[in-house]
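Student: Contents of my_file14.cif (mmCIF, C-alpha atoms) are below:
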```
data_my_file
loop_
_atom_site.group_PDB
_atom_site.id
_atom_site.type_symbol
_atom_site.label_atom_id
_atom_site.label_comp_id
_atom_site.auth_asym_id
_atom_site.auth_seq_id
_atom_site.Cartn_x
_atom_site.Cartn_y
_atom_site.Cartn_z
ATOM 1 C CA ALA A 1 91.764 73.429 74.302
ATOM 2 C CA TRP A 2 94.996 71.532 73.702
ATOM 3 C CA LEU A 3 96.447 72.832 76.977
ATOM 4 C CA ALA A 4 93.275 71.793 78.817
ATOM 5 C CA GLY A 5 93.655 68.296 77.409
ATOM 6 C CA VAL A 6 97.310 68.129 78.479
ATOM 7 C CA ALA A 7 96.340 69.348 81.966
ATOM 8 C CA GLN A 8 93.638 66.679 82.243
ATOM 9 C CA HIS A 9 96.092 63.948 81.221
ATOM 10 C CA ARG A 10 98.659 65.192 83.761
ATOM 11 C CA GLN A 11 96.017 65.323 86.478
ATOM 12 C CA ALA A 12 94.794 61.799 85.636
ATOM 13 C CA ALA A 13 98.389 60.593 85.914
ATOM 14 C CA GLY A 14 98.637 62.136 89.381
ATOM 15 C CA LYS A 15 100.875 65.025 88.303
ATOM 16 C CA SER A 16 100.292 68.749 88.835
ATOM 17 C CA ALA A 17 98.284 70.493 86.118
ATOM 18 C CA LEU A 18 98.874 73.989 87.503
ATOM 19 C CA ALA A 19 101.540 75.037 84.960
ATOM 20 C CA GLN A 20 99.394 74.081 81.978
ATOM 21 C CA GLY A 21 96.346 75.785 83.498
ATOM 22 C CA LEU A 22 98.228 79.019 84.054
ATOM 23 C CA SER A 23 99.752 78.889 80.578
ATOM 24 C CA GLY A 24 96.309 78.381 79.075
ATOM 25 C CA ALA A 25 94.869 81.292 81.019
ATOM 26 C CA VAL A 26 97.689 83.618 79.911
ATOM 27 C CA ILE A 27 97.290 82.582 76.260
ATOM 28 C CA ALA A 28 93.499 83.003 76.421
ATOM 29 C CA LEU A 29 93.786 86.480 77.941
ATOM 30 C CA ALA A 30 96.363 87.530 75.348
ATOM 31 C CA ALA A 31 94.127 86.306 72.528
ATOM 32 C CA LEU A 32 91.108 88.121 73.971
ATOM 33 C CA ALA A 33 93.062 91.361 74.390
ATOM 34 C CA GLY A 34 94.333 91.124 70.818
ATOM 35 C CA ALA A 35 90.818 90.561 69.513
ATOM 36 C CA ILE A 36 89.124 93.464 71.305
ATOM 37 C CA TRP A 37 91.909 96.054 71.310
ATOM 38 C CA PRO A 38 91.042 97.537 67.853
ATOM 39 C CA ALA A 39 87.442 98.095 68.965
ATOM 40 C CA TYR A 40 88.592 100.571 71.597
ATOM 41 C CA ALA A 41 90.672 102.743 69.297
ATOM 42 C CA THR A 42 89.476 106.338 69.375
ATOM 43 C CA PRO A 43 86.662 106.709 66.823
ATOM 44 C CA ALA A 44 86.522 109.711 64.521
ATOM 45 C CA ALA A 45 83.704 112.130 65.296
ATOM 46 C CA THR A 46 83.025 113.021 61.678
ATOM 47 C CA GLY A 47 84.156 111.807 58.306
ATOM 48 C CA GLU A 48 83.022 109.316 55.755
ATOM 49 C CA ALA A 49 81.786 105.760 55.957
ATOM 50 C CA SER A 50 84.377 103.153 55.146
ATOM 51 C CA GLY A 51 84.126 101.252 51.906
ATOM 52 C CA GLU A 52 85.792 101.013 48.560
ATOM 53 C CA THR A 53 82.804 101.529 46.279
ATOM 54 C CA ALA A 54 81.019 104.568 47.708
ATOM 55 C CA ALA A 55 81.101 106.744 50.773
ATOM 56 C CA ILE A 56 78.243 108.625 52.390
ATOM 57 C CA PRO A 57 79.395 111.753 54.247
ATOM 58 C CA TYR A 58 78.198 111.820 57.847
ATOM 59 C CA GLU A 59 78.242 113.898 61.001
ATOM 60 C CA ALA A 60 78.253 112.903 64.649
ATOM 61 C CA TRP A 61 74.800 112.202 66.079
ATOM 62 C CA SER A 62 73.280 114.414 68.717
ATOM 63 C CA PRO A 63 69.652 115.249 69.508
ATOM 64 C CA GLU A 64 70.449 118.809 68.424
ATOM 65 C CA ALA A 65 71.753 117.644 65.023
ATOM 66 C CA VAL A 66 68.506 115.733 64.429
ATOM 67 C CA ALA A 67 66.402 118.750 65.431
ATOM 68 C CA LYS A 68 68.445 121.086 63.203
ATOM 69 C CA ALA A 69 68.111 118.853 60.131
ATOM 70 C CA GLN A 70 64.383 118.406 60.726
ATOM 71 C CA ALA A 71 63.967 122.175 61.095
ATOM 72 C CA GLU A 72 65.632 122.542 57.688
ATOM 73 C CA GLY A 73 63.101 120.108 56.189
ATOM 74 C CA LYS A 74 65.638 117.376 55.465
ATOM 75 C CA PRO A 75 65.195 113.637 55.974
ATOM 76 C CA VAL A 76 67.524 112.300 58.666
ATOM 77 C CA PHE A 77 69.136 108.862 58.828
ATOM 78 C CA VAL A 78 70.635 107.934 62.198
ATOM 79 C CA ASN A 79 73.018 104.994 62.478
ATOM 80 C CA PHE A 80 73.750 103.909 66.050
ATOM 81 C CA THR A 81 76.815 101.701 65.717
ATOM 82 C CA ALA A 82 79.947 100.471 67.500
ATOM 83 C CA ALA A 83 83.352 99.301 66.337
ATOM 84 C CA TRP A 84 82.929 95.953 68.147
ATOM 85 C CA CYS A 85 79.454 95.294 66.645
ATOM 86 C CA VAL A 86 79.813 92.612 63.978
ATOM 87 C CA THR A 87 76.334 93.245 62.538
ATOM 88 C CA CYS A 88 77.128 96.967 62.282
ATOM 89 C CA GLN A 89 80.367 96.281 60.386
ATOM 90 C CA VAL A 90 78.624 93.885 57.986
ATOM 91 C CA ASN A 91 75.914 96.480 57.293
ATOM 92 C CA GLU A 92 78.608 99.105 56.623
ATOM 93 C CA ARG A 93 80.086 96.938 53.885
ATOM 94 C CA VAL A 94 76.897 95.413 52.486
ATOM 95 C CA ALA A 95 74.493 98.360 52.589
ATOM 96 C CA PHE A 96 76.167 101.694 53.361
ATOM 97 C CA SER A 97 79.245 101.321 51.130
ATOM 98 C CA THR A 98 77.260 100.827 47.937
ATOM 99 C CA SER A 99 76.774 103.313 45.143
ATOM 100 C CA GLN A 100 73.002 102.664 45.394
ATOM 101 C CA ALA A 101 72.933 103.902 48.998
ATOM 102 C CA ALA A 102 75.150 106.904 48.238
ATOM 103 C CA ALA A 103 72.909 107.870 45.319
ATOM 104 C CA ALA A 104 69.751 107.549 47.447
ATOM 105 C CA PHE A 105 71.176 109.791 50.184
ATOM 106 C CA LYS A 106 72.288 112.370 47.625
ATOM 107 C CA ALA A 107 68.984 112.359 45.714
ATOM 108 C CA ALA A 108 66.966 112.715 48.931
ATOM 109 C CA GLY A 109 69.237 115.383 50.393
ATOM 110 C CA ALA A 110 69.279 113.248 53.540
ATOM 111 C CA VAL A 111 71.437 114.055 56.531
ATOM 112 C CA TYR A 112 73.431 111.031 57.718
ATOM 113 C CA LEU A 113 74.260 110.982 61.421
ATOM 114 C CA LYS A 114 76.273 108.342 63.295
ATOM 115 C CA GLY A 115 76.025 107.681 66.989
ATOM 116 C CA ASP A 116 79.162 105.761 67.973
ATOM 117 C CA TRP A 117 78.445 103.567 71.007
ATOM 118 C CA THR A 118 81.871 101.894 71.037
ATOM 119 C CA ARG A 119 82.587 103.303 74.493
ATOM 120 C CA LYS A 120 79.001 103.045 75.806
ATOM 121 C CA ASP A 121 78.027 106.725 75.832
ATOM 122 C CA ALA A 122 75.181 107.407 78.326
ATOM 123 C CA ILE A 123 73.283 109.771 76.005
ATOM 124 C CA ILE A 124 73.290 107.198 73.201
ATOM 125 C CA GLU A 125 72.300 104.488 75.684
ATOM 126 C CA ALA A 126 69.271 106.576 76.707
ATOM 127 C CA GLU A 127 68.306 107.062 73.057
ATOM 128 C CA LEU A 128 68.591 103.318 72.411
ATOM 129 C CA ALA A 129 66.361 102.616 75.427
ATOM 130 C CA LYS A 130 63.851 105.219 74.227
ATOM 131 C CA HIS A 131 63.410 103.097 71.097
ATOM 132 C CA GLY A 132 63.229 99.801 72.977
ATOM 133 C CA ARG A 133 66.791 98.658 72.343
ATOM 134 C CA ALA A 134 69.517 97.554 74.712
ATOM 135 C CA GLY A 135 72.285 97.693 72.124
ATOM 136 C CA VAL A 136 73.352 98.412 68.583
ATOM 137 C CA PRO A 137 72.695 98.434 65.709
ATOM 138 C CA LEU A 138 69.744 100.776 65.653
ATOM 139 C CA TYR A 139 68.787 102.554 62.450
ATOM 140 C CA LEU A 140 66.292 105.454 62.588
ATOM 141 C CA VAL A 141 64.922 107.322 59.593
ATOM 142 C CA TYR A 142 63.177 110.621 60.325
ATOM 143 C CA PRO A 143 60.855 112.002 57.622
ATOM 144 C CA LYS A 144 61.696 115.404 56.143
ATOM 145 C CA ASN A 145 58.491 116.945 57.469
ATOM 146 C CA GLY A 146 59.274 115.967 61.067
ATOM 147 C CA GLY A 147 57.644 113.365 63.234
ATOM 148 C CA GLU A 148 58.644 110.057 64.734
ATOM 149 C CA PRO A 149 61.338 107.964 63.058
ATOM 150 C CA GLU A 150 60.891 104.664 61.288
ATOM 151 C CA ILE A 151 62.976 101.913 62.874
ATOM 152 C CA LEU A 152 64.730 99.781 60.272
ATOM 153 C CA PRO A 153 65.653 96.117 60.725
ATOM 154 C CA GLN A 154 69.045 95.264 62.203
ATOM 155 C CA LEU A 155 70.192 93.570 58.990
ATOM 156 C CA LEU A 156 70.196 95.963 56.049
ATOM 157 C CA THR A 157 70.448 95.634 52.309
ATOM 158 C CA PRO A 158 71.065 98.455 49.828
ATOM 159 C CA GLN A 159 67.399 98.144 48.781
ATOM 160 C CA ILE A 160 66.052 98.525 52.347
ATOM 161 C CA LEU A 161 68.359 101.478 52.960
ATOM 162 C CA SER A 162 67.495 103.227 49.686
ATOM 163 C CA ALA A 163 63.747 102.671 50.043
ATOM 164 C CA ALA A 164 63.726 104.070 53.592
ATOM 165 C CA VAL A 165 65.647 107.206 52.599
ATOM 166 C CA GLU A 166 63.436 107.779 49.535
ATOM 167 C CA LYS A 167 60.276 107.324 51.639
ATOM 168 C CA ALA A 168 61.527 109.830 54.225
ATOM 169 C CA ALA A 169 62.170 112.397 51.481
ATOM 170 C CA ARG A 170 58.536 112.363 50.252
#
```
Using the file provided, produce a representation of the structure as structure tokens.

Tutor:
Amino acid sequence: AWLAGVAQHRQAAGKSALAQGLSGAVIALAALAGAIWPAYATPAATGEASGETAAIPYEAWSPEAVAKAQAEGKPVFVNFTAAWCVTCQVNERVAFSTSQAAAAFKAAGAVYLKGDWTRKDAIIEAELAKHGRAGVPLYLVYPKNGGEPEILPQLLTPQILSAAVEKAAR
């Protein structure tokens, strides 16, 4: 913004503003690249959710993983997320990284699956569209006895998360 102001003043004075405009463009592109670069780091396929207080073990999402867990009579929680999704990252810290959520998953014997859409996977995109979404986050909770999933709100709390997992286990 400062460079734009300098360029405007130079232009009003009848001087060339090209150097300031180019400098501003280079700085803006560098800032943008620095901001989005971490979002395109290679995501882990399996592991544990990040968080200091509690971690819920998860596996990579696939339609086959959902079918397998349902066949075993387990409730299934699917988290479609992306590294660049601010809402997803907030939910990770506020809802998923709590001891309340970890305890609910453990008590229900729920299977936790993550679909990482950081790099816009076509299979995940089709699943999002199937549930009326164009992007992430999307949270699906499949009941242990099979059937259609419940779609949770995009903003989660530990209470919403725990209640949904407990309901799916009944």

Student: CA of Gly147 in chain A to CA of Ala164 in chain A: how many Å, to one decimal?

Tutor: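 About the pair CA of Gly147 in chain A and CA of Ala164 in chain A: they are 14.7 Å apart.
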
Student: Which distance in Å separates CA of Ile56 in chain A and CA of Ser99 in chain A, to one decimal?

Tutor: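 Pair CA of Ile56 in chain A / CA of Ser99 in chain A returns 9.1 Å.
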
Student: Please identify all polymer residues within 12 Å of Ala7 in chain A, counting all atoms listed in the file, omitting same-chain residues fewer than 2 positions from it, and present them as a PyMOL selection string.

Tutor: chain A and resi 1-5+9-24

Student: Using the chain letters and residue numbers of this document, give as a count of residues only the residues selected by the PyMOL selection byres ((chain A and resi 100-103) around 12).

Tutor: 39

Student: In Å to one decimal, how far is CA of Ala134 in chain A from CA of Val66 in chain A?

Tutor: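 Computing the Euclidean distance for CA of Val66 in chain A and CA of Ala134 in chain A yields 20.9 Å.
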
Student: Counting all atoms listed in the file, which residue out of A:Val6, A:Leu113, A:Val141, A:Ala129 sits closest to Glu59 in chain A?

Tutor: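 Checking each of A:Val6, A:Leu113, A:Val141, A:Ala129 against Glu59 in chain A, counting all atoms listed in the file, the winner is A:Leu113.
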
Student: Rank nothing, just name the residue among A:Pro143, A:Gly115, A:Pro153, A:Gly34 nearest to Gly73 in chain A, using only C-alpha atoms.

Tutor: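 Ranking A:Pro143, A:Gly115, A:Pro153, A:Gly34 by distance to Gly73 in chain A, first place goes to A:Pro143.
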